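> This is my_file-v3.txt (compact mmCIF, C-alpha atoms (C1' of nucleotides)).
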```txt
# COMPACT_ATOMS: atom_id res chain seq x y z
CA MET A 269 -22.95 102.62 -156.25
CA LYS A 270 -22.58 100.74 -152.97
CA ALA A 271 -22.83 97.47 -154.95
CA ASP A 272 -20.00 98.54 -157.26
CA PHE A 273 -17.85 99.33 -154.29
CA SER A 274 -18.40 96.01 -152.56
CA ASN A 275 -17.60 94.29 -155.85
CA PHE A 276 -14.36 96.21 -155.95
CA ILE A 277 -13.49 95.08 -152.43
CA ASN A 278 -14.36 91.48 -153.23
CA SER A 279 -12.40 91.52 -156.49
CA ILE A 280 -9.17 92.04 -154.55
CA TYR A 281 -9.72 88.97 -152.38
CA PRO A 282 -13.18 87.48 -151.75
CA LEU A 283 -14.36 87.95 -148.18
CA PRO A 284 -17.02 85.93 -146.30
CA TYR A 285 -20.18 88.02 -146.43
CA GLN A 286 -20.40 88.73 -142.68
CA ILE A 287 -16.87 90.06 -142.75
CA LEU A 288 -17.47 92.03 -145.93
CA ASP A 289 -20.41 93.69 -144.18
CA ASP A 290 -18.26 94.60 -141.22
CA VAL A 291 -15.54 95.97 -143.50
CA LEU A 292 -17.98 98.04 -145.55
CA LEU A 293 -19.25 99.69 -142.37
CA HIS A 294 -15.83 101.24 -141.87
CA PHE A 295 -15.59 102.85 -145.28
CA GLN A 296 -17.11 106.30 -145.66
CA TYR A 297 -18.33 107.61 -149.00
CA LYS A 298 -16.93 111.03 -149.92
CA GLU A 299 -17.15 113.42 -152.82
CA TYR A 300 -14.60 116.16 -153.26
CA PRO A 301 -14.13 118.80 -155.97
CA LYS A 302 -11.25 119.20 -158.39
CA ASN A 303 -8.09 120.63 -156.77
CA TYR A 304 -9.06 119.40 -153.28
CA TYR A 305 -6.13 118.15 -151.22
CA LEU A 306 -6.75 114.72 -149.72
CA LEU A 307 -3.41 115.00 -147.95
CA LYS A 308 -0.90 117.76 -147.39
CA GLN A 309 2.82 117.06 -147.19
CA GLY A 310 3.93 116.92 -143.56
CA ARG A 311 0.67 115.57 -142.12
CA PRO A 312 0.20 111.87 -141.38
CA CYS A 313 -1.85 110.03 -143.97
CA LYS A 314 -4.82 109.10 -141.81
CA TYR A 315 -6.91 107.45 -144.51
CA LEU A 316 -6.67 104.90 -147.22
CA TRP A 317 -8.96 105.87 -150.09
CA VAL A 318 -10.56 103.87 -152.86
CA LEU A 319 -10.87 106.23 -155.79
CA VAL A 320 -14.07 105.07 -157.47
CA LYS A 321 -14.14 107.83 -160.04
CA GLY A 322 -11.82 110.75 -160.64
CA ALA A 323 -8.12 111.50 -160.79
CA ALA A 324 -5.40 112.35 -158.29
CA ARG A 325 -1.76 113.31 -158.32
CA TYR A 326 0.86 112.72 -155.67
CA THR A 327 3.28 115.62 -155.39
CA PHE A 328 6.54 116.15 -153.61
CA SER A 329 8.09 119.55 -152.85
CA ASP A 330 11.72 119.80 -151.85
CA GLU A 331 13.28 122.49 -149.61
CA THR A 332 13.81 124.77 -152.60
CA GLY A 333 10.08 124.67 -153.26
CA LYS A 334 10.42 122.74 -156.51
CA GLU A 335 7.29 120.59 -156.87
CA SER A 336 7.01 117.38 -158.87
CA ASN A 337 4.37 114.76 -159.45
CA VAL A 338 5.48 111.37 -158.28
CA TRP A 339 2.36 109.37 -159.07
CA PHE A 340 -1.11 109.47 -160.63
CA SER A 341 -4.26 107.53 -159.75
CA PHE A 342 -7.42 107.21 -161.80
CA ASP A 343 -10.81 105.46 -161.48
CA ASN A 344 -10.77 102.23 -159.47
CA ASP A 345 -7.42 102.68 -157.86
CA ILE A 346 -6.19 102.91 -154.30
CA VAL A 347 -4.96 106.25 -152.99
CA ALA A 348 -2.70 106.80 -149.97
CA ASP A 349 0.83 107.81 -149.07
CA ALA A 350 1.78 104.27 -148.14
CA PRO A 351 4.87 104.94 -145.98
CA SER A 352 2.98 107.54 -143.96
CA PHE A 353 -0.21 105.48 -143.78
CA VAL A 354 1.52 102.44 -142.35
CA SER A 355 3.71 104.38 -139.91
CA GLN A 356 1.41 107.35 -139.21
CA LYS A 357 4.49 109.54 -139.51
CA PRO A 358 4.35 112.85 -141.44
CA SER A 359 3.85 112.29 -145.16
CA THR A 360 6.53 113.30 -147.61
CA GLU A 361 4.01 114.02 -150.33
CA SER A 362 0.70 115.74 -150.93
CA ILE A 363 -2.25 114.17 -152.71
CA GLN A 364 -4.45 116.46 -154.78
CA LEU A 365 -7.51 115.66 -156.86
CA LEU A 366 -7.30 116.69 -160.50
CA GLU A 367 -11.00 116.08 -161.20
CA ASP A 368 -14.21 116.09 -159.16
CA SER A 369 -13.96 112.66 -157.52
CA GLU A 370 -15.87 109.98 -155.67
CA LEU A 371 -14.05 108.03 -153.00
CA TYR A 372 -14.46 105.64 -150.11
CA ALA A 373 -12.20 106.29 -147.14
CA ILE A 374 -11.14 104.05 -144.27
CA GLU A 375 -9.33 105.37 -141.23
CA ASN A 376 -5.95 103.90 -140.36
CA SER A 377 -6.99 102.83 -136.85
CA HIS A 378 -10.14 101.13 -138.20
CA LEU A 379 -8.18 99.27 -140.82
CA TYR A 380 -5.64 97.98 -138.32
CA HIS A 381 -8.45 97.00 -135.98
CA LEU A 382 -10.08 94.99 -138.76
CA LEU A 383 -6.75 93.32 -139.51
CA GLN A 384 -6.59 92.14 -135.91
CA GLN A 385 -10.17 90.94 -135.94
CA HIS A 386 -10.45 89.07 -139.21
CA HIS A 387 -7.90 86.68 -140.64
CA SER A 388 -9.56 86.90 -144.06
CA PHE A 389 -9.30 90.69 -143.99
CA SER A 390 -5.55 90.36 -143.35
CA LEU A 391 -5.30 88.16 -146.42
CA TRP A 392 -7.34 90.77 -148.31
CA TYR A 393 -4.96 93.51 -147.23
CA ILE A 394 -1.92 91.49 -148.29
CA LYS A 395 -3.46 91.08 -151.75
CA LEU A 396 -4.24 94.79 -151.85
CA ILE A 397 -0.63 95.68 -151.17
CA GLU A 398 0.59 93.13 -153.70
CA LYS A 399 -1.73 94.32 -156.44
CA TYR A 400 -1.79 98.07 -155.93
CA TYR A 401 1.63 98.70 -154.54
CA ILE A 402 4.37 96.13 -155.05
CA THR A 403 3.78 95.50 -158.74
CA GLN A 404 3.48 99.18 -159.56
CA ILE A 405 6.19 100.95 -157.63
CA GLU A 406 9.06 98.70 -158.66
CA ASP A 407 8.38 99.54 -162.28
CA ARG A 408 8.57 103.19 -161.43
CA VAL A 409 12.12 102.80 -160.11
CA THR A 410 13.40 100.87 -163.13
CA ASP A 411 11.70 103.31 -165.50
CA LEU A 412 13.41 106.29 -163.91
CA GLN A 413 16.71 104.48 -163.91
CA PHE A 414 16.69 102.90 -167.37
CA LEU A 415 14.41 104.69 -169.77
CA THR A 416 15.06 107.93 -171.60
CA ALA A 417 12.53 110.74 -171.28
CA LYS A 418 10.99 109.73 -174.60
CA GLN A 419 10.65 106.08 -173.61
CA ARG A 420 9.07 107.04 -170.30
CA TYR A 421 6.52 109.13 -172.16
CA GLU A 422 5.71 106.32 -174.59
CA LYS A 423 5.27 103.88 -171.74
CA LEU A 424 2.95 106.26 -169.90
CA LEU A 425 0.80 106.55 -173.04
CA ILE A 426 0.46 102.77 -173.15
CA GLN A 427 -0.50 102.68 -169.47
CA PHE A 428 -2.98 105.57 -169.74
CA PRO A 429 -3.82 106.11 -173.40
CA ASN A 430 -6.13 109.06 -172.74
CA ILE A 431 -4.06 110.75 -170.06
CA GLY A 432 -3.58 113.77 -172.33
CA ASN A 433 -7.30 114.51 -172.16
CA ARG A 434 -7.43 114.39 -168.40
CA ILE A 435 -4.15 115.88 -167.26
CA ASN A 436 -2.18 118.81 -168.60
CA LEU A 437 1.31 118.63 -170.03
CA GLY A 438 2.98 120.32 -167.11
CA HIS A 439 1.75 117.66 -164.72
CA ILE A 440 2.73 114.85 -167.06
CA ALA A 441 6.20 116.30 -167.65
CA SER A 442 6.75 116.62 -163.94
CA TYR A 443 5.79 112.97 -163.45
CA LEU A 444 8.22 111.96 -166.21
CA ASN A 445 10.88 114.00 -164.45
CA ILE A 446 11.45 116.27 -167.41
CA THR A 447 10.50 119.87 -168.11
CA GLN A 448 7.35 120.87 -169.89
CA GLU A 449 9.45 122.22 -172.76
CA THR A 450 11.21 118.90 -173.24
CA LEU A 451 7.92 117.00 -173.25
CA SER A 452 6.52 119.42 -175.79
CA ARG A 453 9.53 118.78 -178.03
CA ILE A 454 9.20 115.02 -177.62
CA ARG A 455 5.55 115.15 -178.64
CA SER A 456 6.24 117.21 -181.74
CA GLY A 457 8.96 114.75 -182.76
CA LYS A 458 11.87 117.14 -182.28
CA LEU A 459 13.56 114.83 -179.80
CA MET B 1352 22.61 80.98 -134.71
CA LYS B 1353 19.12 79.49 -134.78
CA ALA B 1354 18.28 81.63 -131.73
CA ASP B 1355 19.42 84.79 -133.49
CA PHE B 1356 17.22 83.96 -136.41
CA SER B 1357 14.10 83.35 -134.34
CA ASN B 1358 14.77 86.66 -132.57
CA PHE B 1359 14.87 88.32 -135.95
CA ILE B 1360 11.53 86.78 -136.90
CA ASN B 1361 9.99 87.80 -133.60
CA SER B 1362 11.37 91.33 -133.81
CA ILE B 1363 9.24 91.99 -136.88
CA TYR B 1364 6.02 91.01 -135.11
CA PRO B 1365 5.93 88.70 -132.08
CA LEU B 1366 4.41 85.31 -132.85
CA PRO B 1367 2.86 82.84 -130.37
CA TYR B 1368 5.52 80.22 -129.73
CA GLN B 1369 3.68 77.29 -131.33
CA ILE B 1370 3.28 79.30 -134.48
CA LEU B 1371 6.84 80.54 -134.40
CA ASP B 1372 7.93 76.89 -134.23
CA ASP B 1373 5.83 76.02 -137.24
CA VAL B 1374 7.17 79.01 -139.16
CA LEU B 1375 10.79 78.19 -138.34
CA LEU B 1376 10.32 74.68 -139.71
CA HIS B 1377 9.73 76.17 -143.14
CA PHE B 1378 12.90 78.22 -143.27
CA GLN B 1379 16.01 76.49 -144.55
CA TYR B 1380 19.49 77.59 -143.55
CA LYS B 1381 21.83 78.17 -146.49
CA GLU B 1382 25.37 79.33 -147.04
CA TYR B 1383 26.52 80.55 -150.42
CA PRO B 1384 29.83 81.96 -151.63
CA LYS B 1385 30.56 85.42 -152.97
CA ASN B 1386 29.28 85.96 -156.53
CA TYR B 1387 26.59 83.28 -156.23
CA TYR B 1388 23.32 84.16 -157.93
CA LEU B 1389 20.29 83.70 -155.67
CA LEU B 1390 18.09 84.63 -158.61
CA LYS B 1391 18.60 85.11 -162.31
CA GLN B 1392 16.62 87.63 -164.29
CA GLY B 1393 13.75 85.91 -166.12
CA ARG B 1394 13.18 83.15 -163.55
CA PRO B 1395 10.42 83.39 -160.97
CA CYS B 1396 11.62 84.36 -157.51
CA LYS B 1397 10.74 81.17 -155.67
CA TYR B 1398 12.18 82.12 -152.28
CA LEU B 1399 12.15 84.89 -149.79
CA TRP B 1400 15.50 85.08 -148.02
CA VAL B 1401 16.54 86.50 -144.72
CA LEU B 1402 20.12 87.64 -145.16
CA VAL B 1403 21.63 87.01 -141.74
CA LYS B 1404 25.15 87.93 -142.74
CA GLY B 1405 26.58 89.04 -146.05
CA ALA B 1406 25.80 91.39 -148.90
CA ALA B 1407 23.73 91.21 -152.05
CA ARG B 1408 23.00 93.36 -155.06
CA TYR B 1409 19.90 93.43 -157.23
CA THR B 1410 20.74 94.02 -160.87
CA PHE B 1411 18.73 94.78 -163.94
CA SER B 1412 19.91 94.31 -167.53
CA ASP B 1413 18.05 95.98 -170.37
CA GLU B 1414 17.81 94.68 -173.97
CA THR B 1415 21.05 96.45 -174.88
CA GLY B 1416 22.82 94.44 -172.17
CA LYS B 1417 23.52 97.48 -169.99
CA GLU B 1418 23.49 96.25 -166.40
CA SER B 1419 22.76 98.38 -163.35
CA ASN B 1420 22.39 97.77 -159.64
CA VAL B 1421 18.94 98.70 -158.41
CA TRP B 1422 19.30 97.76 -154.76
CA PHE B 1423 21.67 96.51 -152.07
CA SER B 1424 21.02 94.39 -149.00
CA PHE B 1425 23.33 93.77 -146.07
CA ASP B 1426 23.24 91.82 -142.79
CA ASN B 1427 19.79 91.41 -141.25
CA ASP B 1428 17.77 92.38 -144.26
CA ILE B 1429 15.17 90.67 -146.38
CA VAL B 1430 16.09 89.61 -149.91
CA ALA B 1431 13.65 88.88 -152.75
CA ASP B 1432 12.40 90.29 -156.02
CA ALA B 1433 9.09 91.30 -154.49
CA PRO B 1434 6.98 91.67 -157.67
CA SER B 1435 8.14 88.29 -158.91
CA PHE B 1436 7.87 86.62 -155.51
CA VAL B 1437 4.25 87.66 -154.99
CA SER B 1438 3.15 86.86 -158.57
CA GLN B 1439 5.56 84.00 -159.35
CA LYS B 1440 6.04 85.63 -162.74
CA PRO B 1441 9.53 85.92 -164.28
CA SER B 1442 11.73 88.31 -162.34
CA THR B 1443 12.97 91.48 -163.95
CA GLU B 1444 16.14 91.46 -161.92
CA SER B 1445 18.93 89.19 -160.76
CA ILE B 1446 20.16 88.93 -157.21
CA GLN B 1447 23.83 88.23 -156.66
CA LEU B 1448 25.82 87.86 -153.46
CA LEU B 1449 28.75 90.22 -153.08
CA GLU B 1450 30.20 88.42 -150.05
CA ASP B 1451 30.11 84.89 -148.65
CA SER B 1452 26.69 84.92 -147.02
CA GLU B 1453 24.43 83.15 -144.53
CA LEU B 1454 20.73 83.08 -145.27
CA TYR B 1455 17.43 81.49 -144.33
CA ALA B 1456 15.10 80.77 -147.21
CA ILE B 1457 11.37 80.14 -147.30
CA GLU B 1458 9.61 78.85 -150.39
CA ASN B 1459 6.79 80.92 -151.84
CA SER B 1460 4.22 78.13 -151.58
CA HIS B 1461 5.14 77.46 -147.96
CA LEU B 1462 4.85 81.10 -147.05
CA TYR B 1463 1.41 81.41 -148.64
CA HIS B 1464 0.34 78.24 -146.93
CA LEU B 1465 1.40 79.64 -143.57
CA LEU B 1466 -0.50 82.85 -144.31
CA GLN B 1467 -3.67 80.82 -144.80
CA GLN B 1468 -3.07 78.80 -141.68
CA HIS B 1469 -2.12 81.39 -139.11
CA HIS B 1470 -3.75 84.76 -138.63
CA SER B 1471 -0.78 85.95 -136.59
CA PHE B 1472 1.59 84.99 -139.39
CA SER B 1473 -0.46 87.13 -141.78
CA LEU B 1474 -0.03 90.05 -139.41
CA TRP B 1475 3.67 89.25 -139.26
CA TYR B 1476 3.91 89.29 -143.04
CA ILE B 1477 2.09 92.63 -143.24
CA LYS B 1478 4.64 94.11 -140.82
CA LEU B 1479 7.46 92.59 -142.84
CA ILE B 1480 6.25 94.27 -146.01
CA GLU B 1481 5.71 97.55 -144.21
CA LYS B 1482 9.13 97.57 -142.61
CA TYR B 1483 11.34 96.10 -145.31
CA TYR B 1484 9.57 97.23 -148.43
CA ILE B 1485 7.14 100.14 -148.23
CA THR B 1486 9.30 102.46 -146.19
CA GLN B 1487 12.39 101.78 -148.27
CA ILE B 1488 11.32 101.74 -151.88
CA GLU B 1489 9.40 105.02 -151.86
CA ASP B 1490 12.56 106.83 -150.82
CA ARG B 1491 14.35 105.32 -153.75
CA VAL B 1492 11.88 106.89 -156.20
CA THR B 1493 12.08 110.37 -154.70
CA ASP B 1494 15.87 110.15 -154.50
CA LEU B 1495 16.18 109.32 -158.19
CA GLN B 1496 13.71 112.05 -159.05
CA PHE B 1497 14.92 114.88 -156.82
CA LEU B 1498 18.52 114.47 -155.83
CA THR B 1499 21.61 115.21 -157.88
CA ALA B 1500 24.24 112.51 -158.27
CA LYS B 1501 26.27 114.07 -155.47
CA GLN B 1502 23.32 114.24 -153.09
CA ARG B 1503 22.43 110.62 -153.83
CA TYR B 1504 25.98 109.60 -152.97
CA GLU B 1505 25.97 111.56 -149.73
CA LYS B 1506 22.68 110.02 -148.72
CA LEU B 1507 23.97 106.52 -149.46
CA LEU B 1508 26.98 107.16 -147.23
CA ILE B 1509 24.65 108.13 -144.38
CA GLN B 1510 22.58 104.98 -144.93
CA PHE B 1511 25.61 102.68 -145.21
CA PRO B 1512 28.64 104.48 -143.79
CA ASN B 1513 31.06 101.65 -144.54
CA ILE B 1514 29.69 100.66 -147.95
CA GLY B 1515 32.97 101.70 -149.56
CA ASN B 1516 34.77 98.91 -147.72
CA ARG B 1517 32.34 96.23 -148.81
CA ILE B 1518 31.38 97.18 -152.34
CA ASN B 1519 33.45 98.56 -155.18
CA LEU B 1520 32.95 101.90 -156.84
CA GLY B 1521 31.55 100.52 -160.06
CA HIS B 1522 28.70 98.82 -158.22
CA ILE B 1523 27.96 101.90 -156.15
CA ALA B 1524 28.02 104.18 -159.19
CA SER B 1525 25.63 101.91 -161.01
CA TYR B 1526 23.24 102.01 -158.04
CA LEU B 1527 23.43 105.80 -158.01
CA ASN B 1528 22.67 105.75 -161.73
CA ILE B 1529 25.89 107.49 -162.69
CA THR B 1530 29.11 106.30 -164.29
CA GLN B 1531 32.08 105.16 -162.32
CA GLU B 1532 34.03 108.15 -163.64
CA THR B 1533 31.46 110.60 -162.35
CA LEU B 1534 31.44 108.96 -158.91
CA SER B 1535 35.20 109.10 -158.80
CA ARG B 1536 35.07 112.84 -159.54
CA ILE B 1537 32.39 113.38 -156.89
CA ARG B 1538 34.53 111.64 -154.29
CA SER B 1539 37.63 113.65 -155.09
CA GLY B 1540 35.62 116.86 -154.81
CA LYS B 1541 35.78 117.78 -158.48
CA LEU B 1542 31.99 117.84 -158.84
C1' DG C 1495 57.82 90.16 -154.20
C1' DA C 1496 57.16 90.41 -159.19
C1' DA C 1497 53.60 89.91 -162.43
C1' DT C 1498 48.90 90.08 -163.62
C1' DT C 1499 44.39 91.51 -163.01
C1' DT C 1500 41.07 94.55 -161.13
C1' DT C 1501 39.73 98.95 -159.49
C1' DT C 1502 40.02 103.85 -159.41
C1' DT C 1503 41.37 108.28 -161.23
C1' DT C 1504 42.26 111.84 -164.70
C1' DG C 1505 41.62 114.26 -169.17
C1' DA C 1506 39.13 116.00 -173.24
C1' DG C 1507 35.27 116.42 -175.86
C1' DC C 1508 30.10 115.57 -176.45
C1' DT C 1509 25.08 115.31 -175.67
C1' DA C 1510 20.47 115.07 -173.57
C1' DA C 1511 17.90 117.78 -171.29
C1' DA C 1512 17.77 122.06 -168.31
C1' DT C 1513 17.10 127.07 -168.02
C1' DC C 1514 15.54 131.46 -169.46
C1' DA C 1515 12.63 134.10 -172.41
C1' DA C 1516 8.95 134.91 -175.28
C1' DA C 1517 5.40 133.75 -178.82
C1' DA C 1518 1.37 131.09 -180.08
C1' DA C 1519 -2.60 128.45 -179.10
C1' DA C 1520 -6.31 126.94 -176.35
C1' DT C 1521 -9.57 127.49 -172.75
C1' DG C 1522 -12.75 130.02 -169.85
C1' DA C 1523 -15.28 134.14 -168.35
C1' DT C 1524 -18.01 138.44 -169.24
C1' DA D 41 -17.48 137.64 -179.94
C1' DT D 42 -13.88 139.83 -176.80
C1' DC D 43 -10.77 139.81 -173.13
C1' DA D 44 -8.06 137.39 -169.69
C1' DT D 45 -5.91 133.46 -168.20
C1' DT D 46 -3.87 129.13 -168.69
C1' DT D 47 -1.50 125.85 -171.46
C1' DT D 48 1.63 124.60 -175.03
C1' DT D 49 5.24 125.52 -178.32
C1' DT D 50 9.52 127.47 -180.14
C1' DG D 51 14.24 129.44 -179.82
C1' DA D 52 18.86 130.31 -177.82
C1' DT D 53 22.06 129.15 -174.35
C1' DT D 54 23.98 126.47 -170.53
C1' DT D 55 25.16 122.47 -167.84
C1' DA D 56 25.46 117.93 -165.45
C1' DG D 57 26.93 113.97 -166.42
C1' DC D 58 28.22 110.84 -170.44
C1' DT D 59 31.61 108.59 -173.60
C1' DC D 60 36.05 107.31 -175.02
C1' DA D 61 40.81 106.74 -173.90
C1' DA D 62 44.53 106.04 -171.04
C1' DA D 63 47.27 106.41 -166.70
C1' DA D 64 47.71 105.34 -161.85
C1' DA D 65 46.78 102.73 -157.85
C1' DA D 66 45.33 98.71 -155.42
C1' DA D 67 44.42 93.99 -154.90
C1' DT D 68 45.36 89.08 -156.27
C1' DT D 69 47.98 85.34 -157.86
C1' DC D 70 52.02 82.62 -158.69
```
Any chance you could put this one into structure tokens?


Amino acid sequence: MKADFSNFINSIYPLPYQILDDVLLHFQYKEYPKNYYLLKQGRPCKYLWVLVKGAARYTFSDETGKESNVWFSFDNDIVADAPSFVSQKPSTESIQLLEDSELYAIENSHLYHLLQQHHSFSLWYIKLIEKYYITQIEDRVTDLQFLTAKQRYEKLLIQFPNIGNRINLGHIASYLNITQETLSRIRSGKL
Amino acid sequence: MKADFSNFINSIYPLPYQILDDVLLHFQYKEYPKNYYLLKQGRPCKYLWVLVKGAARYTFSDETGKESNVWFSFDNDIVADAPSFVSQKPSTESIQLLEDSELYAIENSHLYHLLQQHHSFSLWYIKLIEKYYITQIEDRVTDLQFLTAKQRYEKLLIQFPNIGNRINLGHIASYLNITQETLSRIRSGKL
DNA sequence: GAATTTTTTTGAGCTAAATCAAAAAATGAT
DNA sequence: ATCATTTTTTGATTTAGCTCAAAAAAATTC
């Protein structure tokens, strides 16, 4: 368990072992049940989580109360509302677990303290952002802008082949920015 | 000129003066005319630019040849195809200047070398990403997902009140992910 | 400043996907 | 197994924004 987690940390960018030890001290192991909210829209995102096992959705509700999923995370991914985490301003999205999950959490102030202390940890954090943020989010924008609903669905299936077993249609449709009815029609080949 | 630029660098995250000097040595001043391509889709994004004065658009062309603007940058902004810059893989977008522009460019390899050399420069780079990337791109996703064409236009006008004077309707429409005709109708109050 | 090119607007249908409503299927609880 | 709840599918209608086509306005060039 703990060994798996330190491997995960080291796989992002290898840290000298004394520094790795110091970093690990600041991560807290947590287990939460399905449906638990890691973060509620409007509150600052105080933690950065490593989702070791489980599933989470990021949701956004507008003034009219319409709620949509903007992102999913599964096993071995990073979880946080990045803009809120880095600024400690109120988050614009909620993060809810969709399965019983195991996570490691680091507090914002601890992370920024470690960045100041260890040059290698700064380099680690840069790699983290590059790998788990920059490469992923840009795709999201171009997908929304260029792909049809059907193409977005097909791409999602390539990214997460078994997503249908873990997450219900309504959540997937909302992520694809289409209605559940439309997704149902796409799947049955009527669109 | 040079003083303005070092102020810009320092405004992101203040650097010790010896390190600032070293950093400045690696930025090259460039002037390019309107319509010049800083980057062409398919080539790795070798540089990170600071756009001191001017305007640029990021464009994406799909297989069918349909081209759309995915982003704009104006005076005192950072310019790069981030996913390509950090990975040095082929870019998925082109970057073209829309006005005669003044820029400072740093090569990818030089930047990564400086990150390894100077802890404070790593902290600077983290702030850069936070300020010029994380806070901006997330908004783009939620805008595309939640706002109507009209709302996206109104929001753009708040962000860049004088964009109409610098950039033509076709480019703006393409950024909003609507046709020029639809934008024209929105502006004349018919939608 | 007249001519050419580029940009913006207007008009008339068309279409992908939304909404509203309800049935069918699957899942979970007693 | 039976009942209740949640999830998924199907059907009918509506709509925001598209396409195609052409006119009008503005900006450039000679």

> With 9 Å as the limit and counting all atoms listed in the file, what residues in chain A lie close to chain B? Please list them as a ChimeraX atom specification.

/A:328,330,336,338,350-352,354-355,383-384,386-388,390-391,393-394,397-398,401-406,408-410,412-414,445

> Return as number ranges by chain the residues belonging to chain C that are within 9 Å of chain B, counting all atoms listed in the file.

C: 1501-1504

> I'd like the neighbourhood of DG51 in chain D as a list in words, where a residue qualifies if any of its atoms comes within 10 Å (using all atoms listed in the file), though same-chain residues fewer than 3 positions away should be ignored.

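Using all atoms listed in the file, the neighbours found are DA1515, DA1516 and DA1517 of chain C.
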
> What residues in chain D lie within 10 Å of chain A, counting all atoms listed in the file, written as a list in words?

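Those within range of chain A come out as DT47, DT48, DT49 and DT50 of chain D.
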
> Pick out the residues sitting within 10 Å of range 56-62 of chain D, and hand them over as a list of chain:residue names; count all atoms listed in the file, and ignore anything fewer than 3 positions along from it in its own chain.

B:Thr1499, B:Ala1500, B:Ile1529, B:Thr1530, B:Glu1532, B:Thr1533, B:Leu1542, C:DT1504, C:DG1505, C:DA1506, C:DG1507, C:DC1508, C:DT1509, C:DA1510, C:DA1511, C:DA1512

> Mind pulling up the distance from CA of Trp1422 in chain B to CA of Gln1510 in chain B?

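If I compute the distance from CA of Gln1510 in chain B to CA of Trp1422 in chain B, I get 12.6 Å.
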
> Rounded to one decimal, what separation in Å do you get between CA of Lys357 in chain A and CA of Pro312 in chain A?

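These two atoms are separated by 5.2 Å.
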
> Would you compute the distance between CA of Val1401 in chain B and CA of Ala1456 in chain B? Give it in Å to one decimal.

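Separation between CA of Val1401 in chain B and CA of Ala1456 in chain B: 6.4 Å.
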
> Determine, counting all atoms listed in the file, every residue of protein, DNA or RNA that lies within 8 Å of (15.8, 129.5, -171.0) in the file coordinates, then give the result as a PyMOL selection string.

(chain C and resi 1513-1515) or (chain D and resi 52-53)

> List as an mmCIF file with C-alpha atoms, keeping the file's coordinate frame the protein and nucleic acid residues near Ile363 in chain A, meaning an atom at most 10 Å away when all atoms listed in the file are counted, but skip any in the same chain fewer than 4 places from it.


```
data_model
loop_
_atom_site.group_PDB
_atom_site.id
_atom_site.type_symbol
_atom_site.label_atom_id
_atom_site.label_comp_id
_atom_site.auth_asym_id
_atom_site.auth_seq_id
_atom_site.Cartn_x
_atom_site.Cartn_y
_atom_site.Cartn_z
ATOM 1 C CA ASN A 303 -8.090 120.630 -156.770
ATOM 2 C CA TYR A 304 -9.060 119.400 -153.280
ATOM 3 C CA TYR A 305 -6.130 118.150 -151.220
ATOM 4 C CA LEU A 306 -6.750 114.720 -149.720
ATOM 5 C CA LEU A 307 -3.410 115.000 -147.950
ATOM 6 C CA LYS A 308 -0.900 117.760 -147.390
ATOM 7 C CA GLN A 309 2.820 117.060 -147.190
ATOM 8 C CA CYS A 313 -1.850 110.030 -143.970
ATOM 9 C CA ALA A 324 -5.400 112.350 -158.290
ATOM 10 C CA ARG A 325 -1.760 113.310 -158.320
ATOM 11 C CA TYR A 326 0.860 112.720 -155.670
ATOM 12 C CA THR A 327 3.280 115.620 -155.390
ATOM 13 C CA PHE A 328 6.540 116.150 -153.610
ATOM 14 C CA ASN A 337 4.370 114.760 -159.450
ATOM 15 C CA VAL A 338 5.480 111.370 -158.280
ATOM 16 C CA TRP A 339 2.360 109.370 -159.070
ATOM 17 C CA PHE A 340 -1.110 109.470 -160.630
ATOM 18 C CA SER A 341 -4.260 107.530 -159.750
ATOM 19 C CA VAL A 347 -4.960 106.250 -152.990
ATOM 20 C CA ALA A 348 -2.700 106.800 -149.970
ATOM 21 C CA ASP A 349 0.830 107.810 -149.070
ATOM 22 C CA SER A 359 3.850 112.290 -145.160
#
```
